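Coordinates from start30.csv are shown below (CSV, N, CA and C atoms).
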```
chain,number,residue,atom,x,y,z
V,1,MET,N,33.7,-12.7,-60.3
V,1,MET,CA,33.2,-12.7,-58.9
V,1,MET,C,32.8,-11.3,-58.5
V,2,GLN,N,33.7,-10.3,-58.8
V,2,GLN,CA,33.5,-9.0,-58.4
V,2,GLN,C,32.2,-8.4,-59.0
V,3,GLN,N,32.0,-8.7,-60.3
V,3,GLN,CA,30.8,-8.2,-61.0
V,3,GLN,C,29.5,-8.8,-60.3
V,4,LEU,N,29.6,-10.1,-60.0
V,4,LEU,CA,28.4,-10.8,-59.4
V,4,LEU,C,28.2,-10.1,-58.0
V,5,ALA,N,29.2,-9.9,-57.2
V,5,ALA,CA,29.1,-9.3,-55.9
V,5,ALA,C,28.5,-7.9,-56.0
V,6,GLU,N,28.9,-7.1,-57.0
V,6,GLU,CA,28.3,-5.8,-57.2
V,6,GLU,C,26.9,-5.9,-57.6
V,7,GLN,N,26.5,-6.8,-58.5
V,7,GLN,CA,25.2,-6.9,-59.0
V,7,GLN,C,24.2,-7.3,-57.9
V,8,THR,N,24.7,-8.1,-56.9
V,8,THR,CA,23.8,-8.6,-55.8
V,8,THR,C,23.9,-7.8,-54.6
V,9,GLY,N,24.8,-6.7,-54.6
V,9,GLY,CA,24.9,-5.8,-53.5
V,9,GLY,C,25.6,-6.4,-52.3
V,10,VAL,N,26.5,-7.3,-52.5
V,10,VAL,CA,27.2,-7.9,-51.3
V,10,VAL,C,28.7,-7.6,-51.4
V,11,LEU,N,29.1,-6.7,-52.2
V,11,LEU,CA,30.6,-6.4,-52.4
V,11,LEU,C,31.3,-6.2,-51.1
V,12,GLY,N,30.7,-5.4,-50.2
V,12,GLY,CA,31.3,-5.0,-49.0
V,12,GLY,C,31.3,-6.1,-47.9
V,13,GLN,N,30.7,-7.3,-48.3
V,13,GLN,CA,30.5,-8.4,-47.3
V,13,GLN,C,31.4,-9.6,-47.6
V,14,ILE,N,32.1,-9.6,-48.7
V,14,ILE,CA,32.9,-10.7,-49.1
V,14,ILE,C,34.4,-10.5,-49.1
V,15,PHE,N,35.1,-11.6,-49.1
V,15,PHE,CA,36.6,-11.5,-49.2
V,15,PHE,C,37.1,-12.8,-49.6
V,16,PHE,N,38.3,-12.9,-50.1
V,16,PHE,CA,38.9,-14.1,-50.5
V,16,PHE,C,39.9,-14.6,-49.5
V,17,THR,N,39.9,-15.9,-49.2
V,17,THR,CA,41.0,-16.5,-48.4
V,17,THR,C,41.7,-17.5,-49.2
V,18,GLY,N,42.8,-17.9,-48.8
V,18,GLY,CA,43.6,-19.0,-49.5
V,18,GLY,C,44.2,-18.4,-50.8
V,19,VAL,N,44.5,-17.1,-50.8
V,19,VAL,CA,45.2,-16.6,-52.0
V,19,VAL,C,46.7,-16.7,-51.8
V,20,GLY,N,47.3,-17.5,-52.6
V,20,GLY,CA,48.8,-17.7,-52.5
V,20,GLY,C,49.5,-16.5,-53.3
V,21,ARG,N,50.7,-16.3,-53.0
V,21,ARG,CA,51.5,-15.2,-53.6
V,21,ARG,C,51.4,-15.3,-55.1
V,22,SER,N,51.4,-16.5,-55.7
V,22,SER,CA,51.4,-16.5,-57.2
V,22,SER,C,50.0,-16.1,-57.8
V,23,PHE,N,49.0,-16.1,-56.9
V,23,PHE,CA,47.7,-15.7,-57.4
V,23,PHE,C,47.3,-14.3,-57.2
V,24,VAL,N,48.2,-13.6,-56.5
V,24,VAL,CA,47.9,-12.2,-56.1
V,24,VAL,C,47.7,-11.3,-57.4
V,25,PRO,N,48.5,-11.4,-58.4
V,25,PRO,CA,48.3,-10.6,-59.6
V,25,PRO,C,47.0,-10.8,-60.2
V,26,ALA,N,46.5,-12.1,-60.3
V,26,ALA,CA,45.3,-12.4,-60.9
V,26,ALA,C,44.1,-11.9,-60.1
V,27,VAL,N,44.2,-12.0,-58.8
V,27,VAL,CA,43.1,-11.5,-57.9
V,27,VAL,C,43.1,-10.0,-58.0
V,28,ARG,N,44.2,-9.3,-58.0
V,28,ARG,CA,44.2,-7.8,-58.1
V,28,ARG,C,43.6,-7.4,-59.4
V,29,ALA,N,43.9,-8.1,-60.5
V,29,ALA,CA,43.5,-7.7,-61.8
V,29,ALA,C,42.0,-8.0,-62.0
V,30,GLY,N,41.6,-9.2,-61.6
V,30,GLY,CA,40.2,-9.6,-61.8
V,30,GLY,C,39.2,-9.2,-60.8
V,31,ALA,N,39.6,-8.9,-59.6
V,31,ALA,CA,38.6,-8.5,-58.6
V,31,ALA,C,39.3,-7.4,-57.6
V,32,PRO,N,39.7,-6.3,-58.2
V,32,PRO,CA,40.4,-5.3,-57.4
V,32,PRO,C,39.7,-4.7,-56.2
V,33,LYS,N,38.4,-4.8,-56.2
V,33,LYS,CA,37.6,-4.3,-55.1
V,33,LYS,C,37.3,-5.3,-54.0
V,34,ILE,N,37.7,-6.6,-54.2
V,34,ILE,CA,37.5,-7.6,-53.2
V,34,ILE,C,38.8,-7.8,-52.3
V,35,PRO,N,38.7,-7.6,-51.0
V,35,PRO,CA,39.9,-7.8,-50.2
V,35,PRO,C,40.2,-9.3,-50.1
V,36,TYR,N,41.5,-9.5,-49.8
V,36,TYR,CA,41.9,-10.9,-49.7
V,36,TYR,C,42.9,-11.1,-48.6
V,37,TYR,N,42.9,-12.3,-48.1
V,37,TYR,CA,43.9,-12.8,-47.1
V,37,TYR,C,45.0,-13.5,-47.8
V,38,LEU,N,46.2,-13.3,-47.5
V,38,LEU,CA,47.3,-14.0,-48.1
V,38,LEU,C,47.5,-15.4,-47.4
V,39,ASN,N,47.5,-16.5,-48.2
V,39,ASN,CA,47.8,-17.8,-47.6
V,39,ASN,C,49.3,-17.9,-47.3
V,40,CYS,N,49.6,-18.2,-46.1
V,40,CYS,CA,51.0,-18.3,-45.7
V,40,CYS,C,51.2,-19.6,-44.9
V,41,ASP,N,52.3,-20.3,-45.2
V,41,ASP,CA,52.8,-21.4,-44.4
V,41,ASP,C,53.7,-20.8,-43.3
V,42,ILE,N,53.3,-21.0,-42.1
V,42,ILE,CA,54.1,-20.5,-41.0
V,42,ILE,C,55.2,-21.5,-40.7
V,43,ASN,N,56.4,-21.1,-40.6
V,43,ASN,CA,57.5,-22.0,-40.2
V,43,ASN,C,57.4,-22.3,-38.8
V,44,PRO,N,57.1,-23.6,-38.4
V,44,PRO,CA,56.9,-23.9,-37.0
V,44,PRO,C,58.1,-23.7,-36.1
V,45,PHE,N,59.3,-23.6,-36.7
V,45,PHE,CA,60.5,-23.3,-35.9
V,45,PHE,C,60.6,-21.9,-35.5
V,46,PHE,N,59.9,-21.0,-36.2
V,46,PHE,CA,60.0,-19.6,-35.9
V,46,PHE,C,58.6,-18.9,-35.5
V,47,LYS,N,57.6,-19.7,-35.3
V,47,LYS,CA,56.3,-19.2,-35.0
V,47,LYS,C,56.2,-18.4,-33.7
V,48,HIS,N,57.2,-18.4,-32.9
V,48,HIS,CA,57.3,-17.6,-31.6
V,48,HIS,C,58.3,-16.4,-31.7
V,49,SER,N,58.9,-16.3,-32.9
V,49,SER,CA,59.9,-15.2,-33.1
V,49,SER,C,59.2,-13.9,-33.6
V,50,HIS,N,59.5,-12.9,-32.8
V,50,HIS,CA,58.9,-11.6,-33.1
V,50,HIS,C,59.5,-11.0,-34.5
V,51,ALA,N,60.7,-11.3,-34.7
V,51,ALA,CA,61.4,-10.8,-36.0
V,51,ALA,C,60.7,-11.6,-37.2
V,52,TYR,N,60.5,-12.8,-37.0
V,52,TYR,CA,59.9,-13.6,-38.1
V,52,TYR,C,58.5,-13.1,-38.4
V,53,ALA,N,57.7,-12.9,-37.3
V,53,ALA,CA,56.4,-12.5,-37.4
V,53,ALA,C,56.3,-11.1,-38.1
V,54,ALA,N,57.2,-10.2,-37.8
V,54,ALA,CA,57.3,-8.9,-38.4
V,54,ALA,C,57.6,-9.0,-39.9
V,55,LYS,N,58.5,-9.9,-40.2
V,55,LYS,CA,58.8,-10.1,-41.7
V,55,LYS,C,57.6,-10.6,-42.4
V,56,LEU,N,56.9,-11.5,-41.8
V,56,LEU,CA,55.7,-12.1,-42.4
V,56,LEU,C,54.6,-11.0,-42.6
V,57,ALA,N,54.4,-10.2,-41.6
V,57,ALA,CA,53.5,-9.1,-41.8
V,57,ALA,C,53.9,-8.2,-42.9
V,58,LYS,N,55.1,-7.9,-43.0
V,58,LYS,CA,55.6,-7.0,-44.1
V,58,LYS,C,55.3,-7.7,-45.5
V,59,ARG,N,55.6,-9.0,-45.6
V,59,ARG,CA,55.3,-9.7,-46.8
V,59,ARG,C,53.8,-9.6,-47.2
V,60,ILE,N,53.0,-9.7,-46.2
V,60,ILE,CA,51.5,-9.7,-46.4
V,60,ILE,C,51.1,-8.3,-46.9
V,61,GLN,N,51.7,-7.3,-46.2
V,61,GLN,CA,51.4,-5.9,-46.6
V,61,GLN,C,51.9,-5.6,-48.1
V,62,ASP,N,53.1,-6.1,-48.4
V,62,ASP,CA,53.6,-5.9,-49.7
V,62,ASP,C,52.8,-6.5,-50.8
V,63,CYS,N,52.1,-7.6,-50.5
V,63,CYS,CA,51.2,-8.2,-51.4
V,63,CYS,C,49.8,-7.5,-51.5
V,64,GLY,N,49.6,-6.6,-50.7
V,64,GLY,CA,48.3,-5.8,-50.7
V,64,GLY,C,47.2,-6.6,-50.1
V,65,ALA,N,47.5,-7.6,-49.3
V,65,ALA,CA,46.4,-8.4,-48.6
V,65,ALA,C,46.0,-7.6,-47.4
V,66,VAL,N,44.7,-8.0,-46.9
V,66,VAL,CA,44.2,-7.4,-45.7
V,66,VAL,C,44.7,-8.2,-44.5
V,67,GLY,N,45.2,-9.4,-44.7
V,67,GLY,CA,45.7,-10.1,-43.6
V,67,GLY,C,46.2,-11.5,-43.9
V,68,LEU,N,46.5,-12.2,-42.9
V,68,LEU,CA,47.1,-13.6,-43.0
V,68,LEU,C,46.0,-14.6,-43.0
V,69,ASN,N,46.2,-15.6,-43.8
V,69,ASN,CA,45.4,-16.8,-43.8
V,69,ASN,C,46.3,-18.0,-43.6
V,70,CYS,N,46.1,-18.8,-42.4
V,70,CYS,CA,47.0,-19.9,-42.2
V,70,CYS,C,46.4,-21.0,-41.4
V,71,ASN,N,47.0,-22.1,-41.4
V,71,ASN,CA,46.5,-23.2,-40.6
V,71,ASN,C,46.7,-22.9,-39.1
V,72,PHE,N,45.6,-23.1,-38.3
V,72,PHE,CA,45.7,-22.7,-36.9
V,72,PHE,C,46.8,-23.4,-36.1
V,73,HIS,N,47.2,-24.5,-36.6
V,73,HIS,CA,48.3,-25.3,-35.8
V,73,HIS,C,49.5,-24.4,-35.6
V,74,ASN,N,49.8,-23.6,-36.5
V,74,ASN,CA,51.1,-22.8,-36.4
V,74,ASN,C,50.8,-21.3,-36.1
V,75,ALA,N,49.6,-21.0,-35.8
V,75,ALA,CA,49.3,-19.6,-35.4
V,75,ALA,C,49.6,-19.5,-33.9
V,76,THR,N,50.2,-18.4,-33.5
V,76,THR,CA,50.6,-18.2,-32.1
V,76,THR,C,50.2,-16.7,-31.8
V,77,PRO,N,50.1,-16.5,-30.5
V,77,PRO,CA,49.9,-15.1,-30.0
V,77,PRO,C,50.9,-14.1,-30.6
V,78,THR,N,52.2,-14.6,-30.8
V,78,THR,CA,53.2,-13.7,-31.4
V,78,THR,C,52.9,-13.4,-32.8
V,79,ILE,N,52.4,-14.3,-33.6
V,79,ILE,CA,52.1,-14.1,-35.0
V,79,ILE,C,50.9,-13.1,-35.1
V,80,VAL,N,49.8,-13.4,-34.3
V,80,VAL,CA,48.6,-12.6,-34.3
V,80,VAL,C,49.0,-11.2,-33.8
V,81,ALA,N,49.8,-11.0,-32.8
V,81,ALA,CA,50.1,-9.7,-32.3
V,81,ALA,C,50.9,-8.9,-33.4
V,82,ALA,N,51.7,-9.5,-34.1
V,82,ALA,CA,52.5,-8.9,-35.2
V,82,ALA,C,51.5,-8.4,-36.3
V,83,MET,N,50.5,-9.2,-36.6
V,83,MET,CA,49.5,-8.8,-37.6
V,83,MET,C,48.8,-7.6,-37.2
V,84,ARG,N,48.4,-7.6,-35.9
V,84,ARG,CA,47.6,-6.5,-35.4
V,84,ARG,C,48.5,-5.2,-35.4
V,85,ARG,N,49.8,-5.3,-35.0
V,85,ARG,CA,50.6,-4.1,-35.0
V,85,ARG,C,50.8,-3.5,-36.4
V,86,HIS,N,50.7,-4.4,-37.4
V,86,HIS,CA,50.8,-3.9,-38.8
V,86,HIS,C,49.4,-3.6,-39.4
V,87,GLY,N,48.4,-3.6,-38.6
V,87,GLY,CA,47.1,-3.3,-39.1
V,87,GLY,C,46.4,-4.3,-40.0
V,88,LEU,N,46.9,-5.6,-39.8
V,88,LEU,CA,46.4,-6.7,-40.6
V,88,LEU,C,45.4,-7.6,-39.8
V,89,GLN,N,44.6,-8.3,-40.5
V,89,GLN,CA,43.6,-9.2,-40.0
V,89,GLN,C,44.2,-10.6,-40.0
V,90,VAL,N,43.5,-11.5,-39.3
V,90,VAL,CA,43.9,-12.9,-39.2
V,90,VAL,C,42.8,-13.8,-39.5
V,91,SER,N,43.0,-14.8,-40.4
V,91,SER,CA,42.1,-15.8,-40.8
V,91,SER,C,42.7,-17.2,-40.5
V,92,LEU,N,42.1,-18.0,-39.8
V,92,LEU,CA,42.7,-19.3,-39.4
V,92,LEU,C,41.8,-20.5,-39.9
V,93,TRP,N,42.4,-21.5,-40.4
V,93,TRP,CA,41.7,-22.7,-40.8
V,93,TRP,C,42.4,-23.9,-40.3
V,94,THR,N,41.8,-25.0,-40.3
V,94,THR,CA,40.5,-25.4,-40.3
V,94,THR,C,40.1,-26.2,-39.0
V,95,ALA,N,39.1,-25.7,-38.3
V,95,ALA,CA,38.7,-26.4,-37.1
V,95,ALA,C,37.8,-27.6,-37.4
V,96,SER,N,38.2,-28.8,-37.0
V,96,SER,CA,37.4,-30.0,-37.3
V,96,SER,C,36.7,-30.5,-36.1
V,97,ASN,N,37.0,-30.0,-34.9
V,97,ASN,CA,36.3,-30.4,-33.7
V,97,ASN,C,36.3,-29.2,-32.7
V,98,GLU,N,35.6,-29.4,-31.6
V,98,GLU,CA,35.4,-28.3,-30.7
V,98,GLU,C,36.6,-27.9,-30.0
V,99,GLU,N,37.5,-28.8,-29.7
V,99,GLU,CA,38.8,-28.5,-29.0
V,99,GLU,C,39.6,-27.6,-29.9
V,100,GLN,N,39.7,-27.9,-31.2
V,100,GLN,CA,40.4,-27.1,-32.2
V,100,GLN,C,39.8,-25.7,-32.3
V,101,LEU,N,38.5,-25.7,-32.3
V,101,LEU,CA,37.7,-24.4,-32.4
V,101,LEU,C,38.0,-23.5,-31.2
V,102,ARG,N,38.0,-24.1,-30.0
V,102,ARG,CA,38.4,-23.3,-28.8
V,102,ARG,C,39.8,-22.8,-28.9
V,103,LYS,N,40.7,-23.6,-29.4
V,103,LYS,CA,42.1,-23.1,-29.6
V,103,LYS,C,42.2,-21.9,-30.5
V,104,ILE,N,41.5,-22.0,-31.6
V,104,ILE,CA,41.5,-20.9,-32.6
V,104,ILE,C,40.8,-19.7,-32.0
V,105,LEU,N,39.7,-19.8,-31.4
V,105,LEU,CA,39.0,-18.7,-30.8
V,105,LEU,C,39.8,-17.9,-29.8
V,106,ARG,N,40.6,-18.6,-29.0
V,106,ARG,CA,41.4,-18.0,-28.0
V,106,ARG,C,42.4,-17.0,-28.6
V,107,LEU,N,42.7,-17.2,-29.9
V,107,LEU,CA,43.6,-16.2,-30.6
V,107,LEU,C,42.9,-15.0,-31.1
V,108,HIS,N,41.6,-15.0,-31.0
V,108,HIS,CA,40.7,-13.9,-31.5
V,108,HIS,C,40.9,-13.5,-32.9
V,109,PRO,N,40.8,-14.5,-33.8
V,109,PRO,CA,40.9,-14.2,-35.3
V,109,PRO,C,39.8,-13.4,-35.8
V,110,ASP,N,39.9,-12.8,-37.0
V,110,ASP,CA,38.9,-12.1,-37.6
V,110,ASP,C,38.0,-13.0,-38.4
V,111,ASN,N,38.5,-14.2,-38.8
V,111,ASN,CA,37.8,-15.1,-39.6
V,111,ASN,C,38.3,-16.5,-39.2
V,112,VAL,N,37.3,-17.5,-39.3
V,112,VAL,CA,37.6,-18.9,-38.9
V,112,VAL,C,37.0,-19.7,-40.0
V,113,THR,N,37.7,-20.7,-40.5
V,113,THR,CA,37.2,-21.7,-41.4
V,113,THR,C,37.0,-23.0,-40.6
V,114,THR,N,35.8,-23.5,-40.6
V,114,THR,CA,35.6,-24.7,-39.8
V,114,THR,C,34.7,-25.7,-40.5
V,115,ARG,N,34.9,-27.0,-40.1
V,115,ARG,CA,34.0,-28.0,-40.6
V,115,ARG,C,32.8,-28.3,-39.7
V,116,ILE,N,32.8,-27.6,-38.6
V,116,ILE,CA,31.7,-27.8,-37.7
V,116,ILE,C,30.9,-26.5,-37.4
V,117,PRO,N,30.4,-25.8,-38.4
V,117,PRO,CA,29.8,-24.5,-38.2
V,117,PRO,C,28.6,-24.6,-37.3
V,118,ASP,N,27.9,-25.8,-37.2
V,118,ASP,CA,26.8,-25.9,-36.3
V,118,ASP,C,27.2,-25.9,-34.9
V,119,ARG,N,28.5,-26.1,-34.6
V,119,ARG,CA,28.9,-26.1,-33.2
V,119,ARG,C,29.5,-24.8,-32.7
V,120,VAL,N,29.8,-23.9,-33.6
V,120,VAL,CA,30.5,-22.6,-33.3
V,120,VAL,C,29.7,-21.8,-32.2
V,121,ASP,N,28.4,-21.7,-32.4
V,121,ASP,CA,27.6,-20.9,-31.4
V,121,ASP,C,27.7,-21.5,-30.0
V,122,ALA,N,27.6,-22.9,-30.0
V,122,ALA,CA,27.6,-23.6,-28.7
V,122,ALA,C,29.0,-23.4,-28.0
V,123,VAL,N,30.1,-23.5,-28.8
V,123,VAL,CA,31.4,-23.3,-28.2
V,123,VAL,C,31.6,-21.9,-27.7
V,124,VAL,N,31.1,-20.9,-28.4
V,124,VAL,CA,31.3,-19.5,-28.0
V,124,VAL,C,30.4,-19.3,-26.8
V,125,LYS,N,29.2,-19.7,-26.7
V,125,LYS,CA,28.3,-19.5,-25.6
V,125,LYS,C,28.9,-20.2,-24.3
V,126,ALA,N,29.5,-21.4,-24.5
V,126,ALA,CA,30.1,-22.1,-23.4
V,126,ALA,C,31.3,-21.5,-22.8
V,127,GLY,N,31.9,-20.5,-23.6
V,127,GLY,CA,33.1,-19.8,-23.1
V,127,GLY,C,34.3,-20.5,-23.7
V,128,ILE,N,35.2,-19.7,-24.1
V,128,ILE,CA,36.4,-20.1,-24.8
V,128,ILE,C,37.3,-20.6,-23.7
```

How would this structure read if it were set down as structure tokens?
Amino acid sequence: MQQLAEQTGVLGQIFFTGVGRSFVPAVRAGAPKIPYYLNCDINPFFKHSHAYAAKLAKRIQDCGAVGLNCNFHNATPTIVAAMRRHGLQVSLWTASNEEQLRKILRLHPDNVTTRIPDRVDAVVKAGI
């Protein structure tokens, strides 16, 4: 992937999402120049805990990822704020309808995975 990205001149425009901890060594070895978001399952019982969010951010940093990739259902302002404090980005998945997309966008993520890309512009223009 990295070689193809270099050949086509898009290396600075791509990143990986959905990289689980067990795949980090392979991603680092095979595509060391491509940034990646670490896929994390957020514990719903602790998603409002500042201590939990800080530990999660540390785990992401320790894996060398640029940020968190998680299901939007468990993303909270607490989680997002912790990522920002640690210099990390946030990628949220997957919006399947406009209501979900609005919920995601209110968290101001860096990346959104959606099944309704044709509706994103309309939702943004209508106001979050």

Contacts of stretch 9-23 of chain V within 7 Å, only C-alpha atoms, excl. fewer than 3 positions in-chain, as a compact mmCIF listing (two decimals) with N, CA and C atoms, keeping the file's coordinate frame:
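selection_34.txt written:
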```
# COMPACT_ATOMS: atom_id res chain seq x y z
N ALA V 5 29.20 -9.90 -57.20
CA ALA V 5 29.10 -9.30 -55.90
C ALA V 5 28.50 -7.90 -56.00
N GLU V 6 28.90 -7.10 -57.00
CA GLU V 6 28.30 -5.80 -57.20
C GLU V 6 26.90 -5.90 -57.60
N ALA V 26 46.50 -12.10 -60.30
CA ALA V 26 45.30 -12.40 -60.90
C ALA V 26 44.10 -11.90 -60.10
N VAL V 27 44.20 -12.00 -58.80
CA VAL V 27 43.10 -11.50 -57.90
C VAL V 27 43.10 -10.00 -58.00
N ILE V 34 37.70 -6.60 -54.20
CA ILE V 34 37.50 -7.60 -53.20
C ILE V 34 38.80 -7.80 -52.30
N PRO V 35 38.70 -7.60 -51.00
CA PRO V 35 39.90 -7.80 -50.20
C PRO V 35 40.20 -9.30 -50.10
N TYR V 36 41.50 -9.50 -49.80
CA TYR V 36 41.90 -10.90 -49.70
C TYR V 36 42.90 -11.10 -48.60
N TYR V 37 42.90 -12.30 -48.10
CA TYR V 37 43.90 -12.80 -47.10
C TYR V 37 45.00 -13.50 -47.80
N LEU V 38 46.20 -13.30 -47.50
CA LEU V 38 47.30 -14.00 -48.10
C LEU V 38 47.50 -15.40 -47.40
N ASN V 39 47.50 -16.50 -48.20
CA ASN V 39 47.80 -17.80 -47.60
C ASN V 39 49.30 -17.90 -47.30
N ASN V 69 46.20 -15.60 -43.80
CA ASN V 69 45.40 -16.80 -43.80
C ASN V 69 46.30 -18.00 -43.60
```

**OP:** Output as a list in words all residues of stretch 19-86 of chain V that backbone DSSP marks as alpha helix (DSSP H).
**Re:**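 Matching residues, listed in order: Val24, Pro25, Ala26, Val27, Arg28, Ala29, Gly30, His50, Ala51, Tyr52, Ala53, Ala54, Lys55, Leu56, Ala57, Lys58, Arg59, Ile60, Gln61, Asp62, Pro77, Thr78, Ile79, Val80, Ala81, Ala82, Met83, Arg84 and Arg85 of chain V.
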
**OP:** Tell me, in Å to one decimal, how far atom C of V:Lys103 is from atom CA of V:Val24.
**Re:** 28.0 Å

**OP:** With a distance cut-off of 8 Å and all atoms listed in the file, select the neighbouring residues of V:Met83, excluding the residue or stretch itself and same-chain residues fewer than 2 positions from it, and output the selection as a PyMOL selection string.
**Re:** chain V and resi 53-54+56-58+67-68+77-81+85-90

Written selection (N, CA and C atoms) as a PDB file, keeping the file's coordinate frame:
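Listing of out.pdb after writing:
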```
ATOM      1  N   ALA V  53      57.700 -12.900 -37.300  1.00  0.00           N
ATOM      2  CA  ALA V  53      56.400 -12.500 -37.400  1.00  0.00           C
ATOM      3  C   ALA V  53      56.300 -11.100 -38.100  1.00  0.00           C
ATOM      4  N   ALA V  54      57.200 -10.200 -37.800  1.00  0.00           N
ATOM      5  CA  ALA V  54      57.300  -8.900 -38.400  1.00  0.00           C
ATOM      6  C   ALA V  54      57.600  -9.000 -39.900  1.00  0.00           C
ATOM      7  N   LEU V  56      56.900 -11.500 -41.800  1.00  0.00           N
ATOM      8  CA  LEU V  56      55.700 -12.100 -42.400  1.00  0.00           C
ATOM      9  C   LEU V  56      54.600 -11.000 -42.600  1.00  0.00           C
ATOM     10  N   ALA V  57      54.400 -10.200 -41.600  1.00  0.00           N
ATOM     11  CA  ALA V  57      53.500  -9.100 -41.800  1.00  0.00           C
ATOM     12  C   ALA V  57      53.900  -8.200 -42.900  1.00  0.00           C
ATOM     13  N   LYS V  58      55.100  -7.900 -43.000  1.00  0.00           N
ATOM     14  CA  LYS V  58      55.600  -7.000 -44.100  1.00  0.00           C
ATOM     15  C   LYS V  58      55.300  -7.700 -45.500  1.00  0.00           C
ATOM     16  N   GLY V  67      45.200  -9.400 -44.700  1.00  0.00           N
ATOM     17  CA  GLY V  67      45.700 -10.100 -43.600  1.00  0.00           C
ATOM     18  C   GLY V  67      46.200 -11.500 -43.900  1.00  0.00           C
ATOM     19  N   LEU V  68      46.500 -12.200 -42.900  1.00  0.00           N
ATOM     20  CA  LEU V  68      47.100 -13.600 -43.000  1.00  0.00           C
ATOM     21  C   LEU V  68      46.000 -14.600 -43.000  1.00  0.00           C
ATOM     22  N   PRO V  77      50.100 -16.500 -30.500  1.00  0.00           N
ATOM     23  CA  PRO V  77      49.900 -15.100 -30.000  1.00  0.00           C
ATOM     24  C   PRO V  77      50.900 -14.100 -30.600  1.00  0.00           C
ATOM     25  N   THR V  78      52.200 -14.600 -30.800  1.00  0.00           N
ATOM     26  CA  THR V  78      53.200 -13.700 -31.400  1.00  0.00           C
ATOM     27  C   THR V  78      52.900 -13.400 -32.800  1.00  0.00           C
ATOM     28  N   ILE V  79      52.400 -14.300 -33.600  1.00  0.00           N
ATOM     29  CA  ILE V  79      52.100 -14.100 -35.000  1.00  0.00           C
ATOM     30  C   ILE V  79      50.900 -13.100 -35.100  1.00  0.00           C
ATOM     31  N   VAL V  80      49.800 -13.400 -34.300  1.00  0.00           N
ATOM     32  CA  VAL V  80      48.600 -12.600 -34.300  1.00  0.00           C
ATOM     33  C   VAL V  80      49.000 -11.200 -33.800  1.00  0.00           C
ATOM     34  N   ALA V  81      49.800 -11.000 -32.800  1.00  0.00           N
ATOM     35  CA  ALA V  81      50.100  -9.700 -32.300  1.00  0.00           C
ATOM     36  C   ALA V  81      50.900  -8.900 -33.400  1.00  0.00           C
ATOM     37  N   ARG V  85      49.800  -5.300 -35.000  1.00  0.00           N
ATOM     38  CA  ARG V  85      50.600  -4.100 -35.000  1.00  0.00           C
ATOM     39  C   ARG V  85      50.800  -3.500 -36.400  1.00  0.00           C
ATOM     40  N   HIS V  86      50.700  -4.400 -37.400  1.00  0.00           N
ATOM     41  CA  HIS V  86      50.800  -3.900 -38.800  1.00  0.00           C
ATOM     42  C   HIS V  86      49.400  -3.600 -39.400  1.00  0.00           C
ATOM     43  N   GLY V  87      48.400  -3.600 -38.600  1.00  0.00           N
ATOM     44  CA  GLY V  87      47.100  -3.300 -39.100  1.00  0.00           C
ATOM     45  C   GLY V  87      46.400  -4.300 -40.000  1.00  0.00           C
ATOM     46  N   LEU V  88      46.900  -5.600 -39.800  1.00  0.00           N
ATOM     47  CA  LEU V  88      46.400  -6.700 -40.600  1.00  0.00           C
ATOM     48  C   LEU V  88      45.400  -7.600 -39.800  1.00  0.00           C
ATOM     49  N   GLN V  89      44.600  -8.300 -40.500  1.00  0.00           N
ATOM     50  CA  GLN V  89      43.600  -9.200 -40.000  1.00  0.00           C
ATOM     51  C   GLN V  89      44.200 -10.600 -40.000  1.00  0.00           C
ATOM     52  N   VAL V  90      43.500 -11.500 -39.300  1.00  0.00           N
ATOM     53  CA  VAL V  90      43.900 -12.900 -39.200  1.00  0.00           C
ATOM     54  C   VAL V  90      42.800 -13.800 -39.500  1.00  0.00           C
TER      55      VAL V  90
END
```

**OP:** Please give the complete set of residues from stretch 14-46 of chain V that DSSP, run on the backbone, assigns to strand (DSSP E or B), formatted as a ChimeraX atom specification.
**Re:** /V:16-19,36-39

What are the nearest atom pairs, with distances in Å to one decimal, for all residues of stretch 22-94 of chain V that come at most 6 Å from stretch 108-112 of chain V, using only C-alpha atoms, set out by chain and rising residue number as a tab-separated table?
```
residue	atom	partner	partner_atom	distance
V:Val90	CA	V:Pro109	CA	5.1
V:Ser91	CA	V:Asn111	CA	4.5
V:Leu92	CA	V:Val112	CA	5.1
V:Trp93	CA	V:Val112	CA	5.9
```

Any chance you could export the current selection's N, CA and C atoms as a PDB file, in the coordinates of the input?
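Output contents, as saved in again.pdb:
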```
ATOM      1  N   VAL V  90      43.500 -11.500 -39.300  1.00  0.00           N
ATOM      2  CA  VAL V  90      43.900 -12.900 -39.200  1.00  0.00           C
ATOM      3  C   VAL V  90      42.800 -13.800 -39.500  1.00  0.00           C
ATOM      4  N   SER V  91      43.000 -14.800 -40.400  1.00  0.00           N
ATOM      5  CA  SER V  91      42.100 -15.800 -40.800  1.00  0.00           C
ATOM      6  C   SER V  91      42.700 -17.200 -40.500  1.00  0.00           C
ATOM      7  N   LEU V  92      42.100 -18.000 -39.800  1.00  0.00           N
ATOM      8  CA  LEU V  92      42.700 -19.300 -39.400  1.00  0.00           C
ATOM      9  C   LEU V  92      41.800 -20.500 -39.900  1.00  0.00           C
ATOM     10  N   TRP V  93      42.400 -21.500 -40.400  1.00  0.00           N
ATOM     11  CA  TRP V  93      41.700 -22.700 -40.800  1.00  0.00           C
ATOM     12  C   TRP V  93      42.400 -23.900 -40.300  1.00  0.00           C
TER      13      TRP V  93
END
```

Original post:
If we count all atoms listed in the file, what is near V:Ala95 at a cut-off of 5 Å, once residues fewer than 3 positions away on the same chain are taken out, given as number ranges by chain?
Top reply: V: 100-101, 113-115

Original post:
How many Å separate atom C of V:Pro117 from atom N of V:Arg102?
Top reply: 11.9 Å

Original post:
Taking into account all atoms listed in the file, which residue in the set V:Gln2, V:Ala75, V:Lys55, V:Leu105 is nearest to V:Pro32?
Top reply: V:Gln2

Subject >> For atom C of V:Tyr52 and atom N of V:His73, the interatomic separation in Å (one decimal) >> reply: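 Computed distance, atom C of V:Tyr52 to atom N of V:His73, equals 16.2 Å.
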
Original post:
So which residues touch V:Ile116 within 8 Å, counting only N, CA and C atoms, skipping near sequence neighbours fewer than 2 positions away, as JSON, numbers by chain?
Top reply: {"V": [94, 95, 96, 97, 98, 113, 114, 118, 119, 120, 121]}
